[in-house]
Amino acid sequence: MKILYVEDDPTARSYIRKGLQEHGNVVDVAESGDDGLEKAAIGAYDLLLLDVGLPGMSGFELLRQLRAVGDSTPVLVLSARGEVSDRIRGLNLGADDYLPKPFAFAELLARIQAIRRRVVTGPADPVLRLADLELDAGAHRVQRAGRVVALTRKEFVLLEYLMRNAGQVLSRTMITEKVWDYGFDSHSNVIDVHIAHLRRKIDRDFERKLLHTVKGVGYVLEEREP
Ligand code: CA
């Protein structure tokens, strides 16, 4: 998932960011409410992790403004204020869940998975399938024709994005927005290099190719008639 984490405490910011990256997420950070609102408006995020106590605009105010313009990105509020009134306030403002600080990282991950199941993949099945290619987002495992394919973290995120949008041509800009961090240069050849690696791993040994280049446009993952 692509996550925006709004947090003014630098220690928490780098610790949580690193942990989430290790679990296969793409994580941007913002240090203030204003910075967070600006990034949220342009960043195409799957989830916002929102601290409440921020300099300037509070997390609650950010959430209020976000919902006021019709942005329905899932929001998980993190707050040192564990009181029931704050919890209710966050949920009333349109937060999807609320986690009081301090929390264990494992609990944060579990809450994120729960939101992901509810919002991103739907309630039933976290496993994505195309032909004999299978990606299990929960177990973080990819298989083709029953054989496990070892992917790097970035390749996994890239494949997950392609599989969620199977049959649609995805441009470099779209891929950049979902798979790389804020500020990444989409004109570099990094995307092409990752696509080449991914293609080698999921397609090379198989007769039926799934990952296709659409010249001048981008890439598409789909099953085509031979
Ligand atoms: Ca704070």
# chains A, B, ... in the order shown; residues from 1 in each chain; ligands from 1
>>> residues_around(residues="segment 28-45 of chain A", least_positions_apart="2", cutoff="6 Å", atoms="only C-alpha atoms", output="number ranges by chain")
A: 2-8, 47, 54-55, 57-58, 62, 181
>>> write_last_selection(atoms="N, CA, C and O atoms", output="PDB file, in the first residue's frame")
ATOM      1  N   LYS A   2       0.315   2.313  -0.543  1.00  0.00           N
ATOM      2  CA  LYS A   2       1.012   3.584  -0.459  1.00  0.00           C
ATOM      3  C   LYS A   2       0.413   4.395   0.680  1.00  0.00           C
ATOM      4  O   LYS A   2      -0.780   4.686   0.686  1.00  0.00           O
ATOM      5  N   ILE A   3       1.269   4.725   1.649  1.00  0.00           N
ATOM      6  CA  ILE A   3       0.808   5.326   2.895  1.00  0.00           C
ATOM      7  C   ILE A   3       1.428   6.714   3.083  1.00  0.00           C
ATOM      8  O   ILE A   3       2.623   6.894   2.827  1.00  0.00           O
ATOM      9  N   LEU A   4       0.620   7.655   3.537  1.00  0.00           N
ATOM     10  CA  LEU A   4       1.155   8.947   3.974  1.00  0.00           C
ATOM     11  C   LEU A   4       1.091   8.982   5.493  1.00  0.00           C
ATOM     12  O   LEU A   4       0.031   8.780   6.087  1.00  0.00           O
ATOM     13  N   TYR A   5       2.227   9.236   6.119  1.00  0.00           N
ATOM     14  CA  TYR A   5       2.325   9.231   7.575  1.00  0.00           C
ATOM     15  C   TYR A   5       2.614  10.656   8.035  1.00  0.00           C
ATOM     16  O   TYR A   5       3.675  11.206   7.735  1.00  0.00           O
ATOM     17  N   VAL A   6       1.653  11.241   8.750  1.00  0.00           N
ATOM     18  CA  VAL A   6       1.797  12.622   9.219  1.00  0.00           C
ATOM     19  C   VAL A   6       2.139  12.588  10.704  1.00  0.00           C
ATOM     20  O   VAL A   6       1.325  12.159  11.533  1.00  0.00           O
ATOM     21  N   GLU A   7       3.334  13.023  11.046  1.00  0.00           N
ATOM     22  CA  GLU A   7       3.842  12.890  12.425  1.00  0.00           C
ATOM     23  C   GLU A   7       4.952  13.915  12.630  1.00  0.00           C
ATOM     24  O   GLU A   7       5.858  14.039  11.804  1.00  0.00           O
ATOM     25  N   ASP A   8       4.865  14.677  13.725  1.00  0.00           N
ATOM     26  CA  ASP A   8       5.896  15.692  13.963  1.00  0.00           C
ATOM     27  C   ASP A   8       7.070  15.163  14.785  1.00  0.00           C
ATOM     28  O   ASP A   8       8.112  15.799  14.832  1.00  0.00           O
ATOM     29  N   LEU A  47      -3.805   5.012   2.197  1.00  0.00           N
ATOM     30  CA  LEU A  47      -4.066   5.166   3.626  1.00  0.00           C
ATOM     31  C   LEU A  47      -3.292   6.361   4.180  1.00  0.00           C
ATOM     32  O   LEU A  47      -2.143   6.591   3.801  1.00  0.00           O
ATOM     33  N   LEU A  54      -0.169  18.041  16.272  1.00  0.00           N
ATOM     34  CA  LEU A  54       0.799  18.495  15.268  1.00  0.00           C
ATOM     35  C   LEU A  54       0.981  20.004  15.420  1.00  0.00           C
ATOM     36  O   LEU A  54       0.059  20.690  15.861  1.00  0.00           O
ATOM     37  N   PRO A  55       2.128  20.530  15.044  1.00  0.00           N
ATOM     38  CA  PRO A  55       2.276  21.988  15.048  1.00  0.00           C
ATOM     39  C   PRO A  55       1.386  22.600  13.976  1.00  0.00           C
ATOM     40  O   PRO A  55       1.195  22.010  12.918  1.00  0.00           O
ATOM     41  N   MET A  57      -1.806  23.245  12.084  1.00  0.00           N
ATOM     42  CA  MET A  57      -3.066  22.526  11.918  1.00  0.00           C
ATOM     43  C   MET A  57      -3.010  21.160  12.608  1.00  0.00           C
ATOM     44  O   MET A  57      -2.087  20.385  12.380  1.00  0.00           O
ATOM     45  N   SER A  58      -3.999  20.855  13.458  1.00  0.00           N
ATOM     46  CA  SER A  58      -4.002  19.560  14.146  1.00  0.00           C
ATOM     47  C   SER A  58      -4.415  18.455  13.180  1.00  0.00           C
ATOM     48  O   SER A  58      -4.936  18.718  12.088  1.00  0.00           O
ATOM     49  N   LEU A  62      -6.900  18.593   9.897  1.00  0.00           N
ATOM     50  CA  LEU A  62      -6.517  18.044   8.591  1.00  0.00           C
ATOM     51  C   LEU A  62      -7.596  17.086   8.088  1.00  0.00           C
ATOM     52  O   LEU A  62      -8.038  17.166   6.944  1.00  0.00           O
ATOM     53  N   ASP A 181       8.200   6.927  -3.821  1.00  0.00           N
ATOM     54  CA  ASP A 181       7.989   7.993  -2.853  1.00  0.00           C
ATOM     55  C   ASP A 181       7.827   9.338  -3.553  1.00  0.00           C
ATOM     56  O   ASP A 181       8.211   9.519  -4.695  1.00  0.00           O
TER      57      ASP A 181
END
>>> closest_atom_pairs(of="segment 64-146 of chain A", to="segment 207-225 of chain A", cutoff="9 Å", atoms="only C-alpha atoms", output="tab-separated table")
residue	atom	partner	partner_atom	distance
A:Leu130	CA	A:Glu223	CA	7.3
A:Ala131	CA	A:Glu223	CA	6.7
A:Leu133	CA	A:Leu210	CA	8.7
>>> select_by_dssp(residues="segment 30-202 of chain A", states="alpha helix (DSSP H)", output="count of residues only")
73
>>> closest_residue(among="A:Leu78, A:Leu99, A:Leu91, A:Met174", to="ligand 1", atoms="only C-alpha atoms and all ligand atoms")
A:Leu78
>>> select_by_dssp(residues="chain A", states="strand (DSSP E or B)", output="ChimeraX atom specification")
/A:2-6,26-30,47-51,75-79,97-100,127-130,133-136,141-144,147-149,170-171,211-214,218-221
>>> write_last_selection(atoms="N, CA and C atoms", output="short mmCIF file (atom, residue, chain, number, x, y, z; two decimals), in the first residue's frame")
data_model
loop_
_atom_site.label_atom_id
_atom_site.label_comp_id
_atom_site.auth_asym_id
_atom_site.auth_seq_id
_atom_site.Cartn_x
_atom_site.Cartn_y
_atom_site.Cartn_z
N LYS A 2 0.32 2.31 -0.54
CA LYS A 2 1.01 3.58 -0.46
C LYS A 2 0.41 4.39 0.68
N ILE A 3 1.27 4.72 1.65
CA ILE A 3 0.81 5.33 2.90
C ILE A 3 1.43 6.71 3.08
N LEU A 4 0.62 7.65 3.54
CA LEU A 4 1.16 8.95 3.97
C LEU A 4 1.09 8.98 5.49
N TYR A 5 2.23 9.24 6.12
CA TYR A 5 2.33 9.23 7.57
C TYR A 5 2.61 10.66 8.04
N VAL A 6 1.65 11.24 8.75
CA VAL A 6 1.80 12.62 9.22
C VAL A 6 2.14 12.59 10.70
N VAL A 26 4.84 1.48 0.57
CA VAL A 26 5.53 2.70 0.14
C VAL A 26 5.08 3.80 1.08
N VAL A 27 6.03 4.47 1.74
CA VAL A 27 5.65 5.41 2.80
C VAL A 27 6.23 6.80 2.55
N ASP A 28 5.36 7.79 2.43
CA ASP A 28 5.77 9.19 2.44
C ASP A 28 5.51 9.73 3.83
N VAL A 29 6.28 10.73 4.24
CA VAL A 29 6.03 11.35 5.54
C VAL A 29 5.78 12.85 5.37
N ALA A 30 5.02 13.38 6.31
CA ALA A 30 4.81 14.83 6.40
C ALA A 30 5.01 15.20 7.86
N LEU A 47 -3.80 5.01 2.20
CA LEU A 47 -4.07 5.17 3.63
C LEU A 47 -3.29 6.36 4.18
N LEU A 48 -3.94 7.10 5.10
CA LEU A 48 -3.26 8.14 5.86
C LEU A 48 -3.13 7.70 7.31
N LEU A 49 -1.91 7.78 7.84
CA LEU A 49 -1.68 7.58 9.27
C LEU A 49 -1.52 8.96 9.85
N LEU A 50 -2.39 9.32 10.77
CA LEU A 50 -2.49 10.71 11.15
C LEU A 50 -2.31 10.90 12.64
N ASP A 51 -1.22 11.58 13.02
CA ASP A 51 -1.04 11.99 14.40
C ASP A 51 -1.97 13.17 14.68
N VAL A 75 -8.38 6.74 6.76
CA VAL A 75 -7.52 7.42 7.73
C VAL A 75 -7.49 6.65 9.04
N LEU A 76 -6.29 6.38 9.51
CA LEU A 76 -6.09 5.79 10.83
C LEU A 76 -5.48 6.86 11.72
N VAL A 77 -6.21 7.26 12.76
CA VAL A 77 -5.75 8.32 13.65
C VAL A 77 -4.91 7.72 14.77
N LEU A 78 -3.74 8.33 15.00
CA LEU A 78 -2.85 7.91 16.07
C LEU A 78 -2.81 9.05 17.08
N SER A 79 -3.08 8.75 18.34
CA SER A 79 -3.10 9.86 19.26
C SER A 79 -2.71 9.47 20.66
N ASP A 97 -10.35 4.37 11.71
CA ASP A 97 -9.98 3.67 12.93
C ASP A 97 -9.15 4.62 13.79
N TYR A 98 -8.93 4.23 15.03
CA TYR A 98 -8.26 5.09 15.99
C TYR A 98 -7.36 4.22 16.85
N LEU A 99 -6.09 4.60 16.95
CA LEU A 99 -5.15 3.81 17.74
C LEU A 99 -4.47 4.72 18.77
N PRO A 100 -4.73 4.47 20.08
CA PRO A 100 -4.10 5.33 21.08
C PRO A 100 -2.62 5.00 21.26
N VAL A 127 -6.11 -12.53 -1.75
CA VAL A 127 -5.26 -13.13 -2.78
C VAL A 127 -5.71 -12.65 -4.17
N LEU A 128 -4.76 -12.09 -4.91
CA LEU A 128 -5.04 -11.63 -6.27
C LEU A 128 -4.58 -12.70 -7.25
N ARG A 129 -5.39 -12.92 -8.31
CA ARG A 129 -5.04 -13.95 -9.29
C ARG A 129 -5.19 -13.46 -10.70
N LEU A 130 -4.26 -13.85 -11.55
CA LEU A 130 -4.39 -13.63 -12.99
C LEU A 130 -3.78 -14.83 -13.67
N LEU A 133 -0.89 -16.88 -12.18
CA LEU A 133 -0.10 -16.00 -11.31
C LEU A 133 -0.95 -15.63 -10.09
N GLU A 134 -0.34 -15.72 -8.91
CA GLU A 134 -1.08 -15.51 -7.67
C GLU A 134 -0.26 -14.66 -6.72
N LEU A 135 -0.89 -13.62 -6.18
CA LEU A 135 -0.20 -12.76 -5.20
C LEU A 135 -1.03 -12.73 -3.93
N ASP A 136 -0.43 -13.16 -2.86
CA ASP A 136 -1.08 -13.15 -1.55
C ASP A 136 -0.55 -11.96 -0.76
N ARG A 141 3.35 -13.21 -0.56
CA ARG A 141 3.95 -14.29 -1.34
C ARG A 141 3.39 -14.28 -2.75
N VAL A 142 4.29 -14.54 -3.71
CA VAL A 142 3.87 -14.61 -5.11
C VAL A 142 4.19 -15.99 -5.64
N GLN A 143 3.25 -16.57 -6.42
CA GLN A 143 3.47 -17.86 -7.05
C GLN A 143 3.05 -17.80 -8.51
N ARG A 144 3.81 -18.51 -9.35
CA ARG A 144 3.31 -18.70 -10.72
C ARG A 144 3.31 -20.21 -10.98
N ARG A 147 4.65 -22.35 -8.29
CA ARG A 147 6.04 -22.18 -7.84
C ARG A 147 6.23 -20.79 -7.24
N VAL A 148 6.89 -20.74 -6.08
CA VAL A 148 7.11 -19.45 -5.41
C VAL A 148 8.10 -18.61 -6.21
N VAL A 149 7.74 -17.36 -6.43
CA VAL A 149 8.60 -16.41 -7.12
C VAL A 149 9.13 -15.43 -6.08
N LEU A 170 -1.05 1.06 -17.56
CA LEU A 170 -0.60 1.99 -16.52
C LEU A 170 0.61 2.76 -17.04
N SER A 171 0.51 4.07 -17.01
CA SER A 171 1.61 4.90 -17.49
C SER A 171 2.72 4.97 -16.44
N LEU A 211 3.00 -9.86 -18.64
CA LEU A 211 3.38 -8.45 -18.51
C LEU A 211 3.77 -7.90 -19.88
N HIS A 212 3.01 -6.92 -20.35
CA HIS A 212 3.21 -6.41 -21.71
C HIS A 212 3.55 -4.93 -21.71
N THR A 213 4.39 -4.54 -22.65
CA THR A 213 4.71 -3.13 -22.86
C THR A 213 3.76 -2.56 -23.91
N VAL A 214 3.18 -1.42 -23.60
CA VAL A 214 2.37 -0.73 -24.61
C VAL A 214 3.18 0.48 -25.04
N GLY A 218 2.84 2.74 -21.67
CA GLY A 218 3.21 2.21 -20.36
C GLY A 218 3.20 0.69 -20.36
N TYR A 219 2.62 0.12 -19.30
CA TYR A 219 2.65 -1.33 -19.12
C TYR A 219 1.27 -1.84 -18.74
N VAL A 220 1.01 -3.08 -19.11
CA VAL A 220 -0.25 -3.70 -18.71
C VAL A 220 0.00 -5.16 -18.36
N LEU A 221 -0.69 -5.60 -17.32
CA LEU A 221 -0.64 -7.01 -16.95
C LEU A 221 -1.95 -7.62 -17.40
#
>>> closest_residue(among="A:Ile16, A:Thr73, A:His194, A:Ser85", to="Phe156 of chain A", atoms="only C-alpha atoms")
A:His194
>>> atom_distance(atom1="atom CA of Val52 of chain A", atom2="atom CA of Ala80 of chain A")
7.9 Å
>>> closest_residue(among="A:Pro226, A:Gly56, A:Gly24, A:Gly19", to="ligand 1", atoms="only C-alpha atoms and all ligand atoms")
A:Gly56
>>> closest_residue(among="A:Asp192, A:Arg64, A:Asp205, A:Tyr15", to="Phe105 of chain A", atoms="only C-alpha atoms")
A:Tyr15
>>> atom_distance(atom1="atom 1 (Ca, counted along the ligand's line) of ligand 1", atom2="atom CA of Arg153 of chain A")
29.0 Å
>>> closest_residue(among="A:Lys18, A:Arg164, A:Lys101, A:His197", to="ligand 1", atoms="only C-alpha atoms and all ligand atoms")
A:Lys101
>>> residues_around(residues="Asn189 of chain A", least_positions_apart="6", cutoff="12 Å", atoms="only C-alpha atoms", output="list in words")
Arg172, Thr176, Ile195 and Ala196 of chain A
>>> write_last_selection(atoms="all heavy atoms", output="PDB file, in the first residue's frame")
ATOM      1  N   ARG A 172       3.876   5.459 -16.874  1.00  0.00           N
ATOM      2  CA  ARG A 172       4.977   5.643 -15.920  1.00  0.00           C
ATOM      3  C   ARG A 172       4.575   6.582 -14.795  1.00  0.00           C
ATOM      4  O   ARG A 172       4.933   6.375 -13.644  1.00  0.00           O
ATOM      5  CB  ARG A 172       6.196   6.213 -16.640  1.00  0.00           C
ATOM      6  CG  ARG A 172       6.984   5.185 -17.350  1.00  0.00           C
ATOM      7  CD  ARG A 172       8.295   5.757 -17.875  1.00  0.00           C
ATOM      8  NE  ARG A 172       8.959   4.698 -18.612  1.00  0.00           N
ATOM      9  CZ  ARG A 172       8.521   4.233 -19.776  1.00  0.00           C
ATOM     10  NH1 ARG A 172       7.447   4.739 -20.327  1.00  0.00           N
ATOM     11  NH2 ARG A 172       9.175   3.256 -20.375  1.00  0.00           N
ATOM     12  N   THR A 176       4.623   5.661 -10.961  1.00  0.00           N
ATOM     13  CA  THR A 176       5.428   6.469 -10.047  1.00  0.00           C
ATOM     14  C   THR A 176       4.608   6.899  -8.844  1.00  0.00           C
ATOM     15  O   THR A 176       5.036   6.792  -7.693  1.00  0.00           O
ATOM     16  CB  THR A 176       5.939   7.739 -10.761  1.00  0.00           C
ATOM     17  OG1 THR A 176       6.694   7.348 -11.893  1.00  0.00           O
ATOM     18  CG2 THR A 176       6.798   8.572  -9.840  1.00  0.00           C
ATOM     19  N   ILE A 195      10.635  -3.149 -14.051  1.00  0.00           N
ATOM     20  CA  ILE A 195       9.738  -3.930 -14.915  1.00  0.00           C
ATOM     21  C   ILE A 195      10.515  -5.086 -15.556  1.00  0.00           C
ATOM     22  O   ILE A 195      10.024  -6.228 -15.622  1.00  0.00           O
ATOM     23  CB  ILE A 195       9.112  -3.029 -16.010  1.00  0.00           C
ATOM     24  CG1 ILE A 195       8.101  -2.065 -15.398  1.00  0.00           C
ATOM     25  CG2 ILE A 195       8.495  -3.879 -17.130  1.00  0.00           C
ATOM     26  CD1 ILE A 195       6.711  -2.624 -15.147  1.00  0.00           C
ATOM     27  N   ALA A 196      11.717  -4.801 -16.002  1.00  0.00           N
ATOM     28  CA  ALA A 196      12.534  -5.846 -16.637  1.00  0.00           C
ATOM     29  C   ALA A 196      12.825  -6.987 -15.665  1.00  0.00           C
ATOM     30  O   ALA A 196      12.731  -8.170 -16.017  1.00  0.00           O
ATOM     31  CB  ALA A 196      13.830  -5.238 -17.169  1.00  0.00           C
TER      32      ALA A 196
END
